[in-house]
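Asker: Before I ask anything, here is the structure I am working with.
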Amino acid sequence: MTSNLNSDIEPIAWVNGRIRLLDQTRLPHSVNWVEIDNWRDAADAIKTMIVRGAPAIGCTAALGLALAGRSAIAPGREAFLDKLQIAADGLCNARPTAVNLSWAVNRLMCLARTLPEVTEIKQLLIDEALRMLNEDIQINRTMGQYGAALLPDSCRVITHCNAGALATAGYGTALGVIRAAVESGKNVTVFADETRPRLQGMKLTAWELMESGIPVTVITDNMSAALMNTSVIDCVIVGADRIAANGDTANKIGTYGLAVIARHHNVPFYVAAPVSTFDFNLATGAAIPIEQRDPAEVTHLDDIALGPSNLTAWNPAFDVTPAELVTAIITERGVLKPPFSTSIANLQNENQ
Ligand code: MRU
């Protein structure tokens, strides 16, 4: 089917030797771009969530490292690599949970160490970071094809947070599966959890799907049980920030609760994520570092206090869904089924 879907949202671009980011803190009301020409600003954009979503922060960090390489002045190759390592660490520390960040930075650092000349390394960093940007879109399209096959011809899907074009270099992971299903002629209606406290579902997923002409209805995070109880929901599809070797999956806070509710209602719970989101070194999700963010994100809406002054709040940005609640993990290499310790070990072997 020819599609008029706008899947060309480009959250990250390399323009005239600078990183250009779509400022996701200002969507959907204003579409603004931020230009970045040094790695510290790239790390800052990741921290402040101008760019967010696991693959997107990986791609931004890779481009940030390329900027660090371009501007570094050092007396020789070793001193240059030391400077690069400082930038690599700074970028990796920007947000701790999504493993795509360190995966991207390490991929570049490993390649940099294979070359003898600083000028060659500088060029390679830029070429490789741009390759990763293009690769990510292709990966998402492939993942979309695998995932779309799991959806009925007509279906109603719940998603959480934003795992769309905005969270990647383009097309999206969980929303990529939905895009691919719609492009193949399936009739998909999406229910987007608003995703407190930062409202990625309300502000980003709803905007992105509406831009693409895909029917979307927003629900608050406490409505999914009632929705599954009172009407037909065919599946839940979410993205991931880090998947341990046993299939335990870190994703936006609230994902775990949604998975429990889906299991209670016999609704399949799918995770869509590229191979770069797997942390084969972590046996279980218990060791996944969970980012704690400013309590003001919970107690305030923009600058307006929602509760009494000096109210404290707990604000973990992610939670871990136990593997036993996951029906399948959709990757660009195919769909992984339980037992995940076996299917993920096979994936790791293929990946070596
Ligand atoms: O805090 P965020 O907005 O970066 O969290 C994003 C998510 O949890 C996404 O679901 C995840 O990164 C997958 S994005 C393809």
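Identifiers in this document derive from the order of the structure tokens: chains are assigned A, B, ..., residues are numbered from 1 separately in each chain, and ligands are numbered from 1 in order of occurrence.
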Please return, as a PyMOL selection string, all residues of range 69-200 of chain A that DSSP assigns to strand (DSSP E or B) on the basis of the backbone.
Answerer: chain A and resi 154-159+164+172+187-193
Asker: Residues at most 7 Å from Leu325 in chain A, counting only C-alpha atoms, excluding those fewer than 6 positions away in the same chain, as a PyMOL selection string?
Answerer: chain A and resi 259-260+263
Asker: Go through chain A and flag each residue having an atom no more than 6 Å from ligand 1; for those, report the closest pair of atoms plus their distance in Å to one decimal, using only C-alpha atoms and all ligand atoms, ordered by chain and rising number, as a tab-separated table.
Answerer:
```
residue	atom	partner	partner_atom_place_in_ligand_line	distance
A:Arg52	CA	ligand 1	4 (O)	4.0
A:Gly53	CA	ligand 1	12 (O)	3.6
A:Ala54	CA	ligand 1	12 (O)	3.8
A:Pro55	CA	ligand 1	15 (C)	5.9
A:Cys161	CA	ligand 1	10 (O)	5.4
A:Asn162	CA	ligand 1	10 (O)	5.4
A:Ala163	CA	ligand 1	15 (C)	3.8
A:Gly164	CA	ligand 1	15 (C)	6.0
A:Ala167	CA	ligand 1	14 (S)	4.7
A:Thr168	CA	ligand 1	15 (C)	5.7
A:Gly172	CA	ligand 1	15 (C)	5.9
A:Thr173	CA	ligand 1	15 (C)	5.0
A:Gly239	CA	ligand 1	13 (C)	4.0
A:Ala240	CA	ligand 1	13 (C)	4.3
A:Asp241	CA	ligand 1	12 (O)	4.6
A:Asn251	CA	ligand 1	8 (O)	4.4
A:Lys252	CA	ligand 1	8 (O)	3.6
```
Asker: Please determine, counting only C-alpha atoms, which residue among A:Ala226, A:Ala305, A:Ala192, A:Ala273 has the shortest atom-to-atom distance to Arg141 in chain A.
Answerer: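 Of all the options, A:Ala273 lies closest to Arg141 in chain A.
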Asker: Could I get the residues of range 141-217 of chain A with an atom no further than 12 Å from an atom of range 296-302 of chain A, each paired with its nearest atom pair and that distance in Å to one decimal, using only C-alpha atoms, sorted by chain and residue number, as CSV?
Answerer:
```
residue,atom,partner,partner_atom,distance
A:Thr195,CA,A:Val298,CA,11.4
A:Arg196,CA,A:Val298,CA,7.7
A:Pro197,CA,A:Val298,CA,5.4
A:Arg198,CA,A:Glu297,CA,6.8
A:Leu199,CA,A:Leu301,CA,10.1
```
Asker: Find the residue from A:Ile344, A:Ala87, A:Ile139, A:Ile243 that sits nearest to Leu282 in chain A; use only C-alpha atoms when measuring.
Answerer: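 Residue with the minimum atom-to-atom distance to Leu282 in chain A: A:Ile243.
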Asker: From the options A:Ala98, A:Leu204, A:Ala129, A:Leu151, which residue's atoms come nearest to Ile178 in chain A, counting only C-alpha atoms?
Answerer: A:Leu151
Asker: Quick one: distance from CA of Met223 in chain A to CA of Pro322 in chain A in Å, one decimal?
Answerer: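 Separation between CA of Met223 in chain A and CA of Pro322 in chain A: 21.6 Å.
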Asker: Can you pull out the residues contacting Ser276 in chain A? Cut-off 9 Å, using only C-alpha atoms, and skip same-chain residues under 5 positions away; I want them as a ChimeraX atom specification.
Answerer: /A:55,99-100,103-104,242
Asker: Identify which of the residues A:Gln145, A:Thr60, A:Ser30, A:Gln352 lies closest to Ala180 in chain A, counting only C-alpha atoms when measuring atom-to-atom distances.
Answerer: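 Among the listed residues, the smallest separation from Ala180 in chain A belongs to A:Gln145.
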Asker: What does the structure give for the distance between CA of Leu63 in chain A and CA of Arg107 in chain A, in Å to one decimal?
Answerer: 12.1 Å
